[in-house]
Amino acid sequence: MIYNLVIYLYLLGVAIYSRFNEKVRKMWLGEREAFKILREKVDPNAKYVWFHAASLGEFEQGRPLMEQLRKDHPEYKILLTFFSPSGYEVRKNYQGADIITYLPLDTITNARRFLRTVRPVMAFFIKYEFWYNYLHILKHRNVPVYSVSSIFREDQVFFKWYGRQYGRVLNCFTHFFVQNEISKELLAKIGITNATVVGDTRFDRVLQIKEAAKQLPIVEAFVKDAPQVFVAGSSWPPDEEIFIKYFLDKLSGKAERNEHKNWKLIIAPHVIGEDHLKQIEKLLEGRKVIRYTDATEANVQDAEVLIINCFGLLSSIYHYGQVAYVGGGFGVGIHNLLEAAVWDVPVFFGPNNQKFHEAQGLKLSGGFEINNYEEFADQMDRFTSDADYLQEQGRKAGHFVKGQAGAMQKIFSAVAL
């Protein structure tokens, strides 16, 4: 089959490229280490439920399911696998799973060996994961397999004439829990009717995150005397050039109406390498800027801009803002809008958002797509001049998130545990 030929060629390419790229090397070594980890940790007498996530975003979608399963059914152990280092390296010490490892590449030999070792009683593949050999062997073994938070588009290979052979992999799933009606309709067109629209488990997850939000004394000291706070999360240089320009103009008194004089700015960039941090600081030259790791409750109060140069705080930081900006929309694709919107704040994002279901919903409910500086400035001016409008848009954003929650319960009510 062509699929297996492509997999072996990919395997060869990864082996070669791993000599020159650190991220690929981690994945290559991690996949080779996986069987050793499984031999050491798999309990032959245990019943394993297998969750597979490509990367960190998919992990967050599967996390509510894993934690609910552990709570309600402690008789099962949880195996969590990742494809990407950006997922595994961040979550390899996650306490909600019993075993965490990379997923060995989808060759027939690897799939057979993996499944003989683990013998899962059930499997959940998150969103876009459709590994042909693993799924066919799971079906042959009569193991129930569920696709969770999956979303389908007409341009995917399954719906093209040349993808019919590979598309058979979809017949291996026991049930699809899809995000929207379009996905269900597309599956029905190729004869797959075992699908239910439940929404996206990320909505459940961000509500959990909100409940567990951290109190951050340094951030609280920073915002204490500021009437308004703007939080930019997961920002990239094209994002920063837009919102930093706006706040520099307003803070420095260059605007005709200097109504933003008392706003403070929190920036949590997606990349916190030293080069990027210095680039941000250069854009803010002349302003009182402090990095989070250099801040104390005393010295942070006089700063105008707080740069978050560490990980793990952003979801809690949104709580302190009146307006949020989520980056990535001018390049790689927007990051997590829901972490901001759940706090009842309006959210800005860039134009690369068509594949993000939550962005399309937020455009009607407190979310604002901007294509350039002028669009951003116009909307911000309205926020700063109309407090009622600002609060209304924030309430809409929060209501959207709460109204979309519940996928987790819908899934577990349909799964035989």
# chains A, B, ... in the order shown; residues from 1 in each chain; ligands from 1
>>> residues_around(residues="Gly398 in chain A", least_positions_apart="4", cutoff="9 Å", atoms="only C-alpha atoms", output="PyMOL selection string")
chain A and resi 338+340-346+365-366+393-394+402-403
>>> select_by_dssp(residues="range 189-246 of chain A", states="helix (DSSP H, G or I)", output="NGL selection string")
:A and (189 or 201-211 or 217-223 or 237-246)
>>> closest_residue(among="A:Gly350, A:Pro227, A:Pro44, A:Pro104", to="Val118 in chain A", atoms="only C-alpha atoms")
A:Pro44
>>> residues_around(residues="range 124-127 of chain A", least_positions_apart="2", cutoff="6 Å", atoms="only C-alpha atoms", output="mmCIF file with C-alpha atoms, in the first residue's frame")
data_model
loop_
_atom_site.group_PDB
_atom_site.id
_atom_site.type_symbol
_atom_site.label_atom_id
_atom_site.label_comp_id
_atom_site.auth_asym_id
_atom_site.auth_seq_id
_atom_site.Cartn_x
_atom_site.Cartn_y
_atom_site.Cartn_z
ATOM 1 C CA PHE A 51 -5.418 8.435 24.747
ATOM 2 C CA HIS A 52 -3.403 9.710 21.790
ATOM 3 C CA ALA A 53 -2.769 13.410 21.150
ATOM 4 C CA GLU A 58 -4.892 18.069 21.342
ATOM 5 C CA GLU A 129 -5.218 11.546 14.474
ATOM 6 C CA VAL A 145 -11.921 3.402 19.282
ATOM 7 C CA TYR A 146 -13.379 6.900 19.561
ATOM 8 C CA SER A 147 -12.480 10.056 17.669
ATOM 9 C CA VAL A 148 -12.920 12.999 20.045
ATOM 10 C CA SER A 149 -13.337 16.684 19.188
ATOM 11 C CA SER A 150 -12.744 15.782 15.560
#
>>> residues_around(residues="Tyr373 in chain A", least_positions_apart="3", cutoff="8 Å", atoms="only C-alpha atoms", output="NGL selection string")
:A and (242-243 or 246 or 370 or 376-377)
>>> write_last_selection(atoms="all heavy atoms", output="JSON list (two decimals), in the first residue's frame")
[["chain", "number", "residue", "atom", "x", "y", "z"],
["A", 242, "ILE", "N", 1.47, 45.83, 16.11],
["A", 242, "ILE", "CA", 0.16, 46.49, 16.07],
["A", 242, "ILE", "C", -0.21, 47.05, 17.44],
["A", 242, "ILE", "O", -0.44, 48.25, 17.60],
["A", 242, "ILE", "CB", -0.91, 45.51, 15.57],
["A", 242, "ILE", "CG1", -0.71, 45.24, 14.08],
["A", 242, "ILE", "CG2", -2.31, 46.06, 15.83],
["A", 242, "ILE", "CD1", -1.65, 44.20, 13.50],
["A", 243, "PHE", "N", -0.28, 46.18, 18.46],
["A", 243, "PHE", "CA", -0.80, 46.70, 19.74],
["A", 243, "PHE", "C", 0.21, 47.56, 20.48],
["A", 243, "PHE", "O", -0.16, 48.49, 21.20],
["A", 243, "PHE", "CB", -1.36, 45.57, 20.63],
["A", 243, "PHE", "CG", -0.37, 44.54, 21.10],
["A", 243, "PHE", "CD1", 0.52, 44.82, 22.12],
["A", 243, "PHE", "CD2", -0.36, 43.27, 20.55],
["A", 243, "PHE", "CE1", 1.41, 43.86, 22.58],
["A", 243, "PHE", "CE2", 0.52, 42.30, 20.99],
["A", 243, "PHE", "CZ", 1.42, 42.59, 22.01],
["A", 246, "TYR", "N", -0.01, 51.14, 19.11],
["A", 246, "TYR", "CA", -1.20, 51.83, 19.61],
["A", 246, "TYR", "C", -0.97, 52.36, 21.03],
["A", 246, "TYR", "O", -1.24, 53.52, 21.33],
["A", 246, "TYR", "CB", -2.39, 50.88, 19.58],
["A", 246, "TYR", "CG", -3.68, 51.50, 20.08],
["A", 246, "TYR", "CD1", -4.46, 52.28, 19.24],
["A", 246, "TYR", "CD2", -4.10, 51.32, 21.39],
["A", 246, "TYR", "CE1", -5.63, 52.87, 19.69],
["A", 246, "TYR", "CE2", -5.28, 51.90, 21.84],
["A", 246, "TYR", "CZ", -6.04, 52.67, 20.99],
["A", 246, "TYR", "OH", -7.19, 53.24, 21.44],
["A", 370, "ILE", "N", -8.92, 41.33, 13.35],
["A", 370, "ILE", "CA", -8.33, 42.55, 12.79],
["A", 370, "ILE", "C", -7.29, 42.17, 11.75],
["A", 370, "ILE", "O", -6.58, 41.18, 11.88],
["A", 370, "ILE", "CB", -7.73, 43.45, 13.89],
["A", 370, "ILE", "CG1", -6.75, 42.67, 14.79],
["A", 370, "ILE", "CG2", -8.83, 44.05, 14.76],
["A", 370, "ILE", "CD1", -5.32, 43.03, 14.57],
["A", 376, "PHE", "N", -7.55, 47.65, 14.35],
["A", 376, "PHE", "CA", -7.34, 47.48, 15.79],
["A", 376, "PHE", "C", -7.57, 48.80, 16.53],
["A", 376, "PHE", "O", -8.27, 48.86, 17.55],
["A", 376, "PHE", "CB", -5.92, 46.97, 16.05],
["A", 376, "PHE", "CG", -5.55, 46.90, 17.49],
["A", 376, "PHE", "CD1", -5.99, 45.84, 18.29],
["A", 376, "PHE", "CD2", -4.76, 47.87, 18.08],
["A", 376, "PHE", "CE1", -5.65, 45.78, 19.64],
["A", 376, "PHE", "CE2", -4.40, 47.81, 19.42],
["A", 376, "PHE", "CZ", -4.86, 46.76, 20.20],
["A", 377, "ALA", "N", -6.99, 49.88, 16.01],
["A", 377, "ALA", "CA", -7.10, 51.18, 16.68],
["A", 377, "ALA", "C", -8.55, 51.66, 16.74],
["A", 377, "ALA", "O", -8.99, 52.19, 17.76],
["A", 377, "ALA", "CB", -6.22, 52.21, 15.95]]
>>> atom_distance(atom1="CA of Trp236 in chain A", atom2="CA of Gln404 in chain A")
28.1 Å
>>> residues_around(residues="Phe230 in chain A", least_positions_apart="2", cutoff="7 Å", atoms="only C-alpha atoms", output="PyMOL selection string")
chain A and resi 228+232+264-266+321-324
>>> closest_residue(among="A:Gly167, A:Ile192, A:Val6, A:Arg205", to="Asp106 in chain A", atoms="only C-alpha atoms")
A:Val6
>>> residues_around(residues="Leu337 in chain A", least_positions_apart="4", cutoff="8 Å", atoms="only C-alpha atoms", output="PyMOL selection string")
chain A and resi 326+341+347+358-359
>>> write_last_selection(atoms="N, CA, C and O atoms", output="PDB file, in the first residue's frame")
ATOM      1  N   VAL A 326      -5.045  37.744  21.411  1.00  0.00           N
ATOM      2  CA  VAL A 326      -4.411  36.428  21.304  1.00  0.00           C
ATOM      3  C   VAL A 326      -3.671  36.353  19.975  1.00  0.00           C
ATOM      4  O   VAL A 326      -4.249  36.595  18.908  1.00  0.00           O
ATOM      5  N   ALA A 341     -11.325  34.402  26.517  1.00  0.00           N
ATOM      6  CA  ALA A 341     -12.756  34.704  26.471  1.00  0.00           C
ATOM      7  C   ALA A 341     -13.503  34.219  27.712  1.00  0.00           C
ATOM      8  O   ALA A 341     -14.499  34.822  28.116  1.00  0.00           O
ATOM      9  N   VAL A 347     -11.972  39.797  22.848  1.00  0.00           N
ATOM     10  CA  VAL A 347     -10.702  39.235  22.400  1.00  0.00           C
ATOM     11  C   VAL A 347     -10.408  39.648  20.960  1.00  0.00           C
ATOM     12  O   VAL A 347     -11.241  39.458  20.062  1.00  0.00           O
ATOM     13  N   GLU A 358     -13.795  27.977  17.092  1.00  0.00           N
ATOM     14  CA  GLU A 358     -14.098  28.914  18.163  1.00  0.00           C
ATOM     15  C   GLU A 358     -13.972  30.364  17.702  1.00  0.00           C
ATOM     16  O   GLU A 358     -14.696  31.251  18.167  1.00  0.00           O
ATOM     17  N   ALA A 359     -13.043  30.624  16.761  1.00  0.00           N
ATOM     18  CA  ALA A 359     -12.886  31.980  16.248  1.00  0.00           C
ATOM     19  C   ALA A 359     -14.119  32.413  15.474  1.00  0.00           C
ATOM     20  O   ALA A 359     -14.578  33.560  15.592  1.00  0.00           O
TER      21      ALA A 359
END
>>> residues_around(residues="Gly331 in chain A", least_positions_apart="4", cutoff="10 Å", atoms="only C-alpha atoms", output="list in words")
Trp236, Pro237, Pro238, Asp239, Gly327, Gly350, Pro351, Asn352 and Asn353 of chain A
>>> select_by_dssp(residues="range 38-243 of chain A", states="strand (DSSP E)", output="NGL selection string")
:A and (47-53 or 76-82 or 99-102 or 122-126 or 145-150 or 175-178 or 195-197 or 228-235)
>>> write_last_selection(atoms="N, CA and C atoms", output="short mmCIF file (atom, residue, chain, number, x, y, z; two decimals), in the first residue's frame")
data_model
loop_
_atom_site.label_atom_id
_atom_site.label_comp_id
_atom_site.auth_asym_id
_atom_site.auth_seq_id
_atom_site.Cartn_x
_atom_site.Cartn_y
_atom_site.Cartn_z
N LYS A 47 -6.02 -2.83 33.17
CA LYS A 47 -6.82 -2.50 31.99
C LYS A 47 -6.50 -1.06 31.61
N TYR A 48 -5.94 -0.88 30.41
CA TYR A 48 -5.49 0.42 29.97
C TYR A 48 -6.48 1.06 28.99
N VAL A 49 -6.77 2.33 29.24
CA VAL A 49 -7.46 3.15 28.25
C VAL A 49 -6.41 4.07 27.63
N TRP A 50 -6.33 4.03 26.31
CA TRP A 50 -5.27 4.73 25.59
C TRP A 50 -5.81 6.04 25.01
N PHE A 51 -5.12 7.13 25.34
CA PHE A 51 -5.42 8.43 24.75
C PHE A 51 -4.22 8.85 23.89
N HIS A 52 -4.50 9.23 22.64
CA HIS A 52 -3.40 9.71 21.79
C HIS A 52 -3.68 11.14 21.33
N ALA A 53 -2.69 12.01 21.56
CA ALA A 53 -2.77 13.41 21.15
C ALA A 53 -1.54 13.75 20.32
N TYR A 76 -9.48 1.69 35.78
CA TYR A 76 -8.69 1.76 34.55
C TYR A 76 -7.40 2.52 34.80
N LYS A 77 -6.35 2.11 34.09
CA LYS A 77 -5.13 2.91 34.01
C LYS A 77 -5.13 3.66 32.69
N ILE A 78 -4.41 4.77 32.66
CA ILE A 78 -4.42 5.63 31.48
C ILE A 78 -3.04 5.66 30.84
N LEU A 79 -3.00 5.37 29.54
CA LEU A 79 -1.80 5.51 28.73
C LEU A 79 -1.99 6.73 27.84
N LEU A 80 -1.04 7.64 27.87
CA LEU A 80 -1.09 8.85 27.06
C LEU A 80 0.11 8.87 26.12
N THR A 81 -0.15 9.01 24.82
CA THR A 81 0.94 9.09 23.85
C THR A 81 0.87 10.40 23.08
N PHE A 82 2.04 10.85 22.64
CA PHE A 82 2.18 12.06 21.83
C PHE A 82 2.93 11.74 20.55
N ILE A 99 1.08 6.18 32.31
CA ILE A 99 2.23 6.04 31.43
C ILE A 99 2.13 7.10 30.35
N ILE A 100 3.24 7.80 30.09
CA ILE A 100 3.30 8.81 29.04
C ILE A 100 4.51 8.53 28.17
N THR A 101 4.30 8.49 26.87
CA THR A 101 5.39 8.21 25.96
C THR A 101 5.08 8.75 24.58
N TYR A 102 6.10 8.77 23.73
CA TYR A 102 5.86 9.04 22.32
C TYR A 102 5.15 7.84 21.69
N MET A 122 -9.67 0.16 25.34
CA MET A 122 -10.41 1.25 24.69
C MET A 122 -9.39 2.29 24.27
N ALA A 123 -9.68 3.05 23.20
CA ALA A 123 -8.75 4.08 22.74
C ALA A 123 -9.51 5.33 22.33
N PHE A 124 -8.91 6.48 22.64
CA PHE A 124 -9.45 7.78 22.24
C PHE A 124 -8.38 8.50 21.42
N PHE A 125 -8.69 8.81 20.18
CA PHE A 125 -7.79 9.56 19.32
C PHE A 125 -8.35 10.99 19.23
N ILE A 126 -7.51 11.98 19.55
CA ILE A 126 -7.99 13.35 19.67
C ILE A 126 -7.85 14.12 18.36
N VAL A 145 -12.77 2.24 19.56
CA VAL A 145 -11.92 3.40 19.28
C VAL A 145 -12.82 4.60 19.00
N TYR A 146 -12.55 5.70 19.69
CA TYR A 146 -13.38 6.90 19.56
C TYR A 146 -12.54 8.08 19.08
N SER A 147 -13.09 8.81 18.13
CA SER A 147 -12.48 10.06 17.67
C SER A 147 -13.16 11.20 18.40
N VAL A 148 -12.37 11.98 19.14
CA VAL A 148 -12.92 13.00 20.04
C VAL A 148 -12.55 14.40 19.57
N SER A 149 -13.53 15.29 19.62
CA SER A 149 -13.34 16.68 19.19
C SER A 149 -12.83 16.76 17.75
N SER A 150 -13.19 15.79 16.95
CA SER A 150 -12.74 15.78 15.56
C SER A 150 -13.53 16.79 14.75
N HIS A 175 -16.97 5.27 17.01
CA HIS A 175 -17.85 6.43 16.97
C HIS A 175 -17.02 7.70 16.83
N PHE A 176 -17.58 8.68 16.14
CA PHE A 176 -16.97 10.01 16.01
C PHE A 176 -17.78 11.00 16.85
N PHE A 177 -17.08 11.70 17.75
CA PHE A 177 -17.70 12.79 18.50
C PHE A 177 -17.15 14.09 17.90
N VAL A 178 -17.91 14.65 16.95
CA VAL A 178 -17.40 15.76 16.14
C VAL A 178 -17.82 17.10 16.72
N ALA A 195 -21.67 9.10 13.92
CA ALA A 195 -21.12 10.37 14.36
C ALA A 195 -22.17 11.16 15.13
N THR A 196 -21.70 11.83 16.17
CA THR A 196 -22.57 12.67 16.99
C THR A 196 -21.91 14.03 17.18
N VAL A 197 -22.68 15.09 17.01
CA VAL A 197 -22.17 16.44 17.25
C VAL A 197 -22.24 16.74 18.74
N GLN A 228 -7.50 50.33 33.68
CA GLN A 228 -7.72 49.37 32.60
C GLN A 228 -6.41 48.64 32.30
N VAL A 229 -6.54 47.36 31.93
CA VAL A 229 -5.37 46.54 31.61
C VAL A 229 -5.62 45.80 30.30
N PHE A 230 -4.63 45.83 29.44
CA PHE A 230 -4.68 45.11 28.16
C PHE A 230 -3.71 43.94 28.25
N VAL A 231 -4.20 42.73 27.98
CA VAL A 231 -3.36 41.53 28.07
C VAL A 231 -3.18 40.94 26.66
N ALA A 232 -1.94 40.83 26.24
CA ALA A 232 -1.61 40.20 24.96
C ALA A 232 -0.97 38.85 25.24
N GLY A 233 -1.62 37.77 24.78
CA GLY A 233 -1.11 36.43 25.05
C GLY A 233 -0.64 35.73 23.80
N SER A 234 0.43 34.95 23.93
CA SER A 234 0.97 34.14 22.82
C SER A 234 1.25 35.00 21.60
N SER A 235 1.81 36.17 21.82
CA SER A 235 2.02 37.12 20.73
C SER A 235 3.29 36.81 19.94
#
>>> closest_residue(among="A:Gly62, A:Leu187, A:Asn45, A:Gln279", to="Val121 in chain A", atoms="only C-alpha atoms")
A:Asn45
>>> atom_distance(atom1="CA of Trp131 in chain A", atom2="CA of Val169 in chain A")
7.7 Å
>>> decode(residues="range 236-250 of chain A", atoms="all heavy atoms", output="short mmCIF file (atom, residue, chain, number, x, y, z; two decimals), in the first residue's frame")
data_model
loop_
_atom_site.label_atom_id
_atom_site.label_comp_id
_atom_site.auth_asym_id
_atom_site.auth_seq_id
_atom_site.Cartn_x
_atom_site.Cartn_y
_atom_site.Cartn_z
N TRP A 236 3.25 37.20 18.67
CA TRP A 236 4.37 37.11 17.74
C TRP A 236 4.71 38.53 17.28
O TRP A 236 3.90 39.44 17.44
CB TRP A 236 4.03 36.23 16.55
CG TRP A 236 3.82 34.78 16.90
CD1 TRP A 236 2.72 34.21 17.47
CD2 TRP A 236 4.75 33.71 16.70
NE1 TRP A 236 2.89 32.87 17.64
CE2 TRP A 236 4.12 32.51 17.17
CE3 TRP A 236 6.03 33.62 16.17
CZ2 TRP A 236 4.76 31.27 17.12
CZ3 TRP A 236 6.66 32.38 16.12
CH2 TRP A 236 6.03 31.22 16.59
N PRO A 237 5.86 38.75 16.64
CA PRO A 237 6.23 40.10 16.21
C PRO A 237 5.17 40.85 15.40
O PRO A 237 4.93 42.04 15.68
CB PRO A 237 7.52 39.87 15.41
CG PRO A 237 8.16 38.70 16.10
CD PRO A 237 7.00 37.80 16.47
N PRO A 238 4.48 40.23 14.42
CA PRO A 238 3.45 41.00 13.69
C PRO A 238 2.31 41.48 14.59
O PRO A 238 1.75 42.55 14.35
CB PRO A 238 2.94 39.99 12.65
CG PRO A 238 4.05 39.02 12.47
CD PRO A 238 4.66 38.88 13.83
N ASP A 239 1.98 40.69 15.61
CA ASP A 239 0.97 41.13 16.58
C ASP A 239 1.48 42.30 17.41
O ASP A 239 0.79 43.31 17.61
CB ASP A 239 0.59 39.99 17.53
CG ASP A 239 0.17 38.72 16.80
OD1 ASP A 239 -0.79 38.79 16.02
OD2 ASP A 239 0.81 37.67 17.03
N GLU A 240 2.71 42.15 17.88
CA GLU A 240 3.28 43.15 18.78
C GLU A 240 3.44 44.50 18.11
O GLU A 240 3.27 45.56 18.74
CB GLU A 240 4.63 42.63 19.31
CG GLU A 240 4.45 41.45 20.24
CD GLU A 240 5.58 40.42 20.19
OE1 GLU A 240 6.60 40.69 19.54
OE2 GLU A 240 5.42 39.36 20.81
N GLU A 241 3.75 44.50 16.81
CA GLU A 241 3.90 45.76 16.10
C GLU A 241 2.59 46.54 16.07
O GLU A 241 2.59 47.77 16.03
CB GLU A 241 4.40 45.49 14.68
CG GLU A 241 5.85 45.01 14.64
CD GLU A 241 6.26 44.53 13.25
OE1 GLU A 241 5.44 44.67 12.31
OE2 GLU A 241 7.39 44.03 13.11
N ILE A 242 1.47 45.83 16.11
CA ILE A 242 0.16 46.49 16.07
C ILE A 242 -0.21 47.05 17.44
O ILE A 242 -0.44 48.25 17.60
CB ILE A 242 -0.91 45.51 15.57
CG1 ILE A 242 -0.71 45.24 14.08
CG2 ILE A 242 -2.31 46.06 15.83
CD1 ILE A 242 -1.65 44.20 13.50
N PHE A 243 -0.28 46.18 18.46
CA PHE A 243 -0.80 46.70 19.74
C PHE A 243 0.21 47.56 20.48
O PHE A 243 -0.16 48.49 21.20
CB PHE A 243 -1.36 45.57 20.63
CG PHE A 243 -0.37 44.54 21.10
CD1 PHE A 243 0.52 44.82 22.12
CD2 PHE A 243 -0.36 43.27 20.55
CE1 PHE A 243 1.41 43.86 22.58
CE2 PHE A 243 0.52 42.30 20.99
CZ PHE A 243 1.42 42.59 22.01
N ILE A 244 1.51 47.30 20.30
CA ILE A 244 2.50 48.16 20.96
C ILE A 244 2.49 49.56 20.35
O ILE A 244 2.57 50.56 21.08
CB ILE A 244 3.90 47.53 20.88
CG1 ILE A 244 3.98 46.33 21.82
CG2 ILE A 244 4.98 48.56 21.26
CD1 ILE A 244 5.30 45.59 21.78
N LYS A 245 2.38 49.68 19.05
CA LYS A 245 2.30 51.00 18.40
C LYS A 245 1.13 51.80 18.96
O LYS A 245 1.26 52.99 19.28
CB LYS A 245 2.14 50.84 16.88
CG LYS A 245 1.84 52.14 16.13
CD LYS A 245 1.74 51.89 14.64
CE LYS A 245 1.12 53.09 13.91
NZ LYS A 245 1.81 54.36 14.18
N TYR A 246 -0.01 51.14 19.11
CA TYR A 246 -1.20 51.83 19.61
C TYR A 246 -0.97 52.36 21.03
O TYR A 246 -1.24 53.52 21.33
CB TYR A 246 -2.39 50.88 19.58
CG TYR A 246 -3.68 51.50 20.08
CD1 TYR A 246 -4.46 52.28 19.24
CD2 TYR A 246 -4.10 51.32 21.39
CE1 TYR A 246 -5.63 52.87 19.69
CE2 TYR A 246 -5.28 51.90 21.84
CZ TYR A 246 -6.04 52.67 20.99
OH TYR A 246 -7.19 53.24 21.44
N PHE A 247 -0.44 51.51 21.89
CA PHE A 247 -0.26 51.93 23.27
C PHE A 247 0.89 52.91 23.44
O PHE A 247 0.85 53.76 24.33
CB PHE A 247 -0.11 50.71 24.18
CG PHE A 247 -1.43 50.11 24.51
CD1 PHE A 247 -1.97 49.12 23.72
CD2 PHE A 247 -2.18 50.58 25.57
CE1 PHE A 247 -3.21 48.58 23.99
CE2 PHE A 247 -3.42 50.07 25.85
CZ PHE A 247 -3.95 49.06 25.06
N LEU A 248 1.89 52.84 22.60
CA LEU A 248 2.94 53.84 22.66
C LEU A 248 2.38 55.21 22.33
O LEU A 248 2.67 56.21 22.99
CB LEU A 248 4.06 53.49 21.69
CG LEU A 248 5.09 52.47 22.16
CD1 LEU A 248 6.12 52.23 21.08
CD2 LEU A 248 5.76 52.93 23.44
N ASP A 249 1.58 55.29 21.28
CA ASP A 249 0.98 56.56 20.89
C ASP A 249 0.12 57.13 22.01
O ASP A 249 0.20 58.30 22.35
CB ASP A 249 0.13 56.39 19.63
CG ASP A 249 0.98 56.17 18.38
OD1 ASP A 249 2.20 56.38 18.47
OD2 ASP A 249 0.41 55.78 17.35
N LYS A 250 -0.71 56.29 22.59
CA LYS A 250 -1.65 56.78 23.61
C LYS A 250 -0.92 57.11 24.91
O LYS A 250 -1.18 58.13 25.55
CB LYS A 250 -2.73 55.73 23.87
CG LYS A 250 -3.53 55.36 22.64
CD LYS A 250 -4.25 56.55 22.04
CE LYS A 250 -5.08 56.14 20.83
NZ LYS A 250 -5.81 57.30 20.25
#
